[in-house]
Amino acid sequence: MRLRICVLSLLISAPSFAYAQDSNSLTIDGQVMVTETAAPAHMENVDTIYSGWRFRSQETQAMEMDDFDNPAFVFLDKAYELWDAVDGTEGKSCSSCHEPEDFTGLRAQLPRVEGEELVTLEDLINRSRVEHMGAEPWKWSGTQMTSMTALVGLQSRGLPMDVAIEGDAKPFWEAGKEIYYTNVGQLDMACSSCHEDNYGMMIRADHLSQGQINGFPTYRLKNAKLNSIHGRFKGCMTNIRATPFKEGGAEFKALELYLASRSEGLSVETPSVRN
Ligand code: HEC
Ligand code: HEC
């Protein structure tokens, strides 16, 4: 406990200048995004939720406001090529069976429970590749998968995040919540230590957000590519010197469901831009 307080106080400080979190509204392609709204009732310690966009510098924010300036759209071009590319033993492409618009609303409602399983967008895409195309599954955070999750996610841009957390989903949600609040790693921190207790503060040169997932996959200036949700979780766990869970594994899927429920009501911003 003492160690944790000590490490936190070394790392975290109040911002010394005004941040965009205080003002600014986000409009993309004429569509107004909800970047701030009342927290859902299940969140006990937070009154208002904010998109990560609100915590970025004005230059980074501006990139997301215009699709021509948004570097993620290079990967969307790639995704449209993949969409039409025949692959696998069945001689099919995505376009043999789907239109992108068929997926309107899907991003906002994932992950969801099917049978005994919690299913993410990556799972659904790979299921189609394996079962309907006879093709190899894509790597969880590889460029093909993140480009395709961006294309599918873009069809829901502007719609409110809205995952189901009751009924069959409840045990997964509980498991995700448990992970969110459990201290791990050499720095002995939980997701909540930064994204709930200290959002709005500075951590070194970075403005801490609430760690929302409404903008994923997200283009990061740091690594100049699209980043998956689980890839981001992995990075945060590595930063606190914990051994990260596996991308696509049960722990990160449960955590994804829990985080999606903490984004409830924020607009899907896919594909977002962050530093
Ligand atoms: C031969 C037809 C076929 C092809 C080709 C195909 N799919 Fe599918 N896809 C389906 C069917 C049928 C379903 C619904 C049942 C299921 O999930 O298996 C589906 C479901 C999906 C879903 C979930 C939709 C929802 O609302 O639950 C996504 C996302 C998806 N496919 C993406 C893709 C992508 C991306 C490709 C190309 C990489 C692709 N599919 C190729 C037939 C196909
Ligand atoms: C030591 C502090 C710290 C901890 C602990 C931490 N993160 Fe982060 N996280 C950051 C920083 C810094 C960023 C980048 C700036 C920001 O968006 O907050 C970030 C970004 C994120 C983002 C991207 C937000 C966006 O808008 O794109 C997500 C999602 C996230 N973290 C989830 C998690 C999860 C889940 C955990 C627990 C496994 C966790 N973080 C633990 C510091 C932390």
# chains A, B, ... in the order shown; residues from 1 in each chain; ligands from 1

call {"tool": "residues_around", "arguments": {"residues": "A:Pro160", "least_positions_apart": "4", "cutoff": "10 Å", "atoms": "only C-alpha atoms", "output": "PyMOL selection string"}}
result
chain A and resi 33-34+105+107-109+156+214+263-269

call {"tool": "select_by_dssp", "arguments": {"residues": "stretch 194-254 of chain A", "states": "strand (DSSP E or B)", "output": "list in words"}}
result
Met202, Ile203, Asp206, His207, Thr218, Tyr219, Arg220, Lys225, Leu226 and Asn227 of chain A

call {"tool": "select_by_dssp", "arguments": {"residues": "stretch 127-215 of chain A", "states": "helix (DSSP H, G or I)", "output": "PyMOL selection string"}}
result
chain A and resi 127-132+143-154+167-181+191-195

call {"tool": "residues_around", "arguments": {"residues": "A:Leu259", "least_positions_apart": "2", "cutoff": "9 Å", "atoms": "only C-alpha atoms", "output": "list in words"}}
result
Gly176, Lys177, Tyr180, Gly211, Gln212, Ile213, Ala254, Leu255, Glu256, Leu257, Ser261, Arg262, Ser263 and Glu264 of chain A

call {"tool": "write_last_selection", "arguments": {"atoms": "C-alpha atoms", "output": "JSON list (two decimals), in the first residue's frame"}}
result
[["chain", "number", "residue", "atom", "x", "y", "z"],
["A", 176, "GLY", "CA", -14.07, -7.83, -16.05],
["A", 177, "LYS", "CA", -14.90, -5.50, -13.18],
["A", 180, "TYR", "CA", -10.34, -3.53, -13.52],
["A", 211, "GLY", "CA", -9.40, 4.83, -20.56],
["A", 212, "GLN", "CA", -12.59, 4.63, -22.65],
["A", 213, "ILE", "CA", -12.84, 2.23, -25.59],
["A", 254, "ALA", "CA", -14.20, -9.81, -19.91],
["A", 255, "LEU", "CA", -12.30, -6.56, -19.34],
["A", 256, "GLU", "CA", -13.43, -5.33, -22.77],
["A", 257, "LEU", "CA", -17.07, -5.96, -21.85],
["A", 261, "SER", "CA", -20.18, -0.74, -20.24],
["A", 262, "ARG", "CA", -18.24, 2.19, -18.73],
["A", 263, "SER", "CA", -18.45, 3.92, -22.13],
["A", 264, "GLU", "CA", -22.24, 3.61, -22.28]]

call {"tool": "atom_distance", "arguments": {"atom1": "atom CA of A:Cys194", "atom2": "atom CA of A:Val273"}}
result
20.4 Å

call {"tool": "residues_around", "arguments": {"residues": "A:Thr143", "least_positions_apart": "5", "cutoff": "10 Å", "atoms": "only C-alpha atoms", "output": "PDB file with C-alpha atoms, in the first residue's frame"}}
result
ATOM      1  CA  PHE A  75      -5.833   1.639 -43.174  1.00  0.00           C
ATOM      2  CA  LYS A  78      -6.474  -1.227 -47.063  1.00  0.00           C
ATOM      3  CA  ALA A  79      -9.614  -2.633 -45.464  1.00  0.00           C
ATOM      4  CA  TRP A 138      -6.253 -13.179 -38.909  1.00  0.00           C
ATOM      5  CA  MET A 148     -11.179  -4.628 -40.892  1.00  0.00           C
ATOM      6  CA  THR A 149     -12.393  -3.814 -37.358  1.00  0.00           C
ATOM      7  CA  LYS A 225      -0.707   2.247 -36.790  1.00  0.00           C
ATOM      8  CA  LEU A 226      -4.153   1.119 -35.735  1.00  0.00           C
ATOM      9  CA  ASN A 227      -4.202  -0.320 -32.222  1.00  0.00           C
ATOM     10  CA  SER A 228      -6.652  -2.957 -31.040  1.00  0.00           C
TER      11      SER A 228
END

call {"tool": "residues_around", "arguments": {"residues": "A:Asp29", "least_positions_apart": "6", "cutoff": "9 Å", "atoms": "only C-alpha atoms", "output": "ChimeraX atom specification"}}
result
/A:65-67

call {"tool": "write_last_selection", "arguments": {"atoms": "N, CA and C atoms", "output": "PDB file, in the first residue's frame"}}
result
ATOM      1  N   MET A  65     -11.070  15.195 -36.517  1.00  0.00           N
ATOM      2  CA  MET A  65     -12.255  15.956 -36.917  1.00  0.00           C
ATOM      3  C   MET A  65     -12.474  15.958 -38.421  1.00  0.00           C
ATOM      4  N   ASP A  66     -11.471  15.513 -39.161  1.00  0.00           N
ATOM      5  CA  ASP A  66     -11.581  15.527 -40.616  1.00  0.00           C
ATOM      6  C   ASP A  66     -10.996  14.219 -41.158  1.00  0.00           C
ATOM      7  N   ASP A  67     -11.820  13.449 -41.825  1.00  0.00           N
ATOM      8  CA  ASP A  67     -11.359  12.138 -42.304  1.00  0.00           C
ATOM      9  C   ASP A  67     -10.157  12.248 -43.238  1.00  0.00           C
TER      10      ASP A  67
END

call {"tool": "residues_around", "arguments": {"residues": "A:Ala85", "least_positions_apart": "5", "cutoff": "9 Å", "atoms": "only C-alpha atoms", "output": "number ranges by chain"}}
result
A: 80, 92-95

call {"tool": "write_last_selection", "arguments": {"atoms": "C-alpha atoms", "output": "tab-separated table (two decimals), in the first residue's frame"}}
result
chain	number	residue	atom	x	y	z
A	80	TYR	CA	-11.70	-1.96	-48.61
A	92	LYS	CA	-15.14	-15.96	-51.57
A	93	SER	CA	-14.49	-12.43	-50.34
A	94	CYS	CA	-16.40	-10.51	-47.67
A	95	SER	CA	-18.24	-8.76	-50.50

call {"tool": "closest_atom_pairs", "arguments": {"of": "chain A", "to": "ligand 1", "cutoff": "8 Å", "atoms": "only C-alpha atoms and all ligand atoms", "output": "CSV"}}
result
residue,atom,partner,partner_atom_place_in_ligand_line,distance
A:Leu82,CA,ligand 1,38 (C),7.1
A:Trp83,CA,ligand 1,37 (C),5.8
A:Glu90,CA,ligand 1,1 (C),7.7
A:Lys92,CA,ligand 1,5 (C),4.9
A:Ser93,CA,ligand 1,5 (C),4.8
A:Cys94,CA,ligand 1,37 (C),3.3
A:Ser95,CA,ligand 1,5 (C),6.7
A:Ser96,CA,ligand 1,5 (C),5.3
A:Cys97,CA,ligand 1,2 (C),4.4
A:His98,CA,ligand 1,7 (N),6.5
A:Asp102,CA,ligand 1,26 (O),7.4
A:Phe103,CA,ligand 1,26 (O),5.9
A:Leu106,CA,ligand 1,26 (O),5.9
A:Leu121,CA,ligand 1,29 (C),6.1
A:Glu122,CA,ligand 1,29 (C),7.9
A:Leu124,CA,ligand 1,28 (C),5.1
A:Ile125,CA,ligand 1,32 (C),4.5
A:Asn126,CA,ligand 1,38 (C),7.4
A:Arg127,CA,ligand 1,18 (O),6.3
A:Ser128,CA,ligand 1,8 (Fe),4.3
A:Arg129,CA,ligand 1,38 (C),5.4
A:Glu131,CA,ligand 1,18 (O),7.1
A:His132,CA,ligand 1,1 (C),4.5
A:Met133,CA,ligand 1,5 (C),5.1
A:Met148,CA,ligand 1,35 (C),6.2
A:Thr149,CA,ligand 1,35 (C),7.8
A:Val152,CA,ligand 1,29 (C),6.7

call {"tool": "write_last_selection", "arguments": {"atoms": "C-alpha atoms", "output": "mmCIF file, in the first residue's frame"}}
result
data_model
loop_
_atom_site.group_PDB
_atom_site.id
_atom_site.type_symbol
_atom_site.label_atom_id
_atom_site.label_comp_id
_atom_site.auth_asym_id
_atom_site.auth_seq_id
_atom_site.Cartn_x
_atom_site.Cartn_y
_atom_site.Cartn_z
ATOM 1 C CA LEU A 82 -9.323 -6.797 -48.173
ATOM 2 C CA TRP A 83 -13.094 -6.605 -48.332
ATOM 3 C CA GLU A 90 -14.411 -21.375 -50.897
ATOM 4 C CA LYS A 92 -15.137 -15.964 -51.573
ATOM 5 C CA SER A 93 -14.487 -12.427 -50.343
ATOM 6 C CA CYS A 94 -16.403 -10.505 -47.669
ATOM 7 C CA SER A 95 -18.240 -8.764 -50.504
ATOM 8 C CA SER A 96 -19.659 -12.119 -51.698
ATOM 9 C CA CYS A 97 -21.939 -12.130 -48.646
ATOM 10 C CA HIS A 98 -21.991 -8.700 -46.969
ATOM 11 C CA ASP A 102 -25.043 -4.432 -42.898
ATOM 12 C CA PHE A 103 -22.886 -3.909 -39.825
ATOM 13 C CA LEU A 106 -22.710 -3.806 -34.413
ATOM 14 C CA LEU A 121 -15.698 -8.184 -33.226
ATOM 15 C CA GLU A 122 -12.400 -9.953 -33.935
ATOM 16 C CA LEU A 124 -16.943 -12.607 -35.529
ATOM 17 C CA ILE A 125 -14.627 -11.628 -38.373
ATOM 18 C CA ASN A 126 -12.430 -14.684 -37.871
ATOM 19 C CA ARG A 127 -15.486 -16.924 -37.606
ATOM 20 C CA SER A 128 -16.554 -15.743 -41.059
ATOM 21 C CA ARG A 129 -13.054 -16.252 -42.427
ATOM 22 C CA GLU A 131 -16.330 -21.083 -41.393
ATOM 23 C CA HIS A 132 -17.650 -19.209 -44.418
ATOM 24 C CA MET A 133 -14.493 -18.631 -46.487
ATOM 25 C CA MET A 148 -11.179 -4.628 -40.892
ATOM 26 C CA THR A 149 -12.393 -3.814 -37.358
ATOM 27 C CA VAL A 152 -16.849 -2.527 -39.545
#

call {"tool": "atom_distance", "arguments": {"atom1": "atom CA of A:Met202", "atom2": "atom CA of A:Glu44"}}
result
23.3 Å

call {"tool": "closest_residue", "arguments": {"among": "A:Ser25, A:Asn275, A:Gln61, A:Asn223", "to": "ligand 2", "atoms": "only C-alpha atoms and all ligand atoms"}}
result
A:Asn275

call {"tool": "atom_distance", "arguments": {"atom1": "atom 37 (C, counted along the ligand's line) of ligand 2", "atom2": "atom CA of A:Asp168"}}
result
23.8 Å

call {"tool": "closest_residue", "arguments": {"among": "A:Ser209, A:Thr120, A:Thr270, A:Asn239", "to": "ligand 2", "atoms": "only C-alpha atoms and all ligand atoms"}}
result
A:Ser209

call {"tool": "closest_residue", "arguments": {"among": "A:Asp87, A:Glu251, A:Glu81, A:Glu116", "to": "ligand 2", "atoms": "only C-alpha atoms and all ligand atoms"}}
result
A:Glu251

call {"tool": "residues_around", "arguments": {"residues": "A:Val119", "least_positions_apart": "6", "cutoff": "10 Å", "atoms": "only C-alpha atoms", "output": "PyMOL selection string"}}
result
chain A and resi 110-113+248+250+253-254+257

call {"tool": "write_last_selection", "arguments": {"atoms": "N, CA and C atoms", "output": "mmCIF file, in the first residue's frame"}}
result
data_model
loop_
_atom_site.group_PDB
_atom_site.id
_atom_site.type_symbol
_atom_site.label_atom_id
_atom_site.label_comp_id
_atom_site.auth_asym_id
_atom_site.auth_seq_id
_atom_site.Cartn_x
_atom_site.Cartn_y
_atom_site.Cartn_z
ATOM 1 N N LEU A 110 -20.900 -4.661 -28.950
ATOM 2 C CA LEU A 110 -19.945 -5.755 -28.685
ATOM 3 C C LEU A 110 -19.006 -5.368 -27.544
ATOM 4 N N PRO A 111 -18.467 -6.377 -26.829
ATOM 5 C CA PRO A 111 -18.712 -7.819 -26.989
ATOM 6 C C PRO A 111 -20.097 -8.258 -26.500
ATOM 7 N N ARG A 112 -20.541 -9.432 -26.988
ATOM 8 C CA ARG A 112 -21.838 -9.975 -26.591
ATOM 9 C C ARG A 112 -21.697 -11.474 -26.358
ATOM 10 N N VAL A 113 -22.665 -12.007 -25.599
ATOM 11 C CA VAL A 113 -22.607 -13.436 -25.269
ATOM 12 C C VAL A 113 -23.359 -14.228 -26.332
ATOM 13 N N GLY A 248 -7.103 -11.667 -26.981
ATOM 14 C CA GLY A 248 -8.096 -12.657 -27.391
ATOM 15 C C GLY A 248 -8.432 -13.666 -26.300
ATOM 16 N N ALA A 250 -9.692 -14.963 -22.319
ATOM 17 C CA ALA A 250 -10.911 -14.736 -21.535
ATOM 18 C C ALA A 250 -10.824 -13.475 -20.669
ATOM 19 N N LYS A 253 -11.201 -10.293 -22.803
ATOM 20 C CA LYS A 253 -12.573 -10.172 -23.331
ATOM 21 C C LYS A 253 -13.518 -9.678 -22.247
ATOM 22 N N ALA A 254 -13.355 -10.239 -21.028
ATOM 23 C CA ALA A 254 -14.202 -9.808 -19.914
ATOM 24 C C ALA A 254 -13.941 -8.332 -19.592
ATOM 25 N N LEU A 257 -15.630 -6.137 -22.104
ATOM 26 C CA LEU A 257 -17.067 -5.963 -21.848
ATOM 27 C C LEU A 257 -17.275 -4.943 -20.738
#

call {"tool": "closest_residue", "arguments": {"among": "A:Gln155, A:Gln210, A:Thr104, A:Asn24", "to": "A:Ile49", "atoms": "only C-alpha atoms"}}
result
A:Gln210
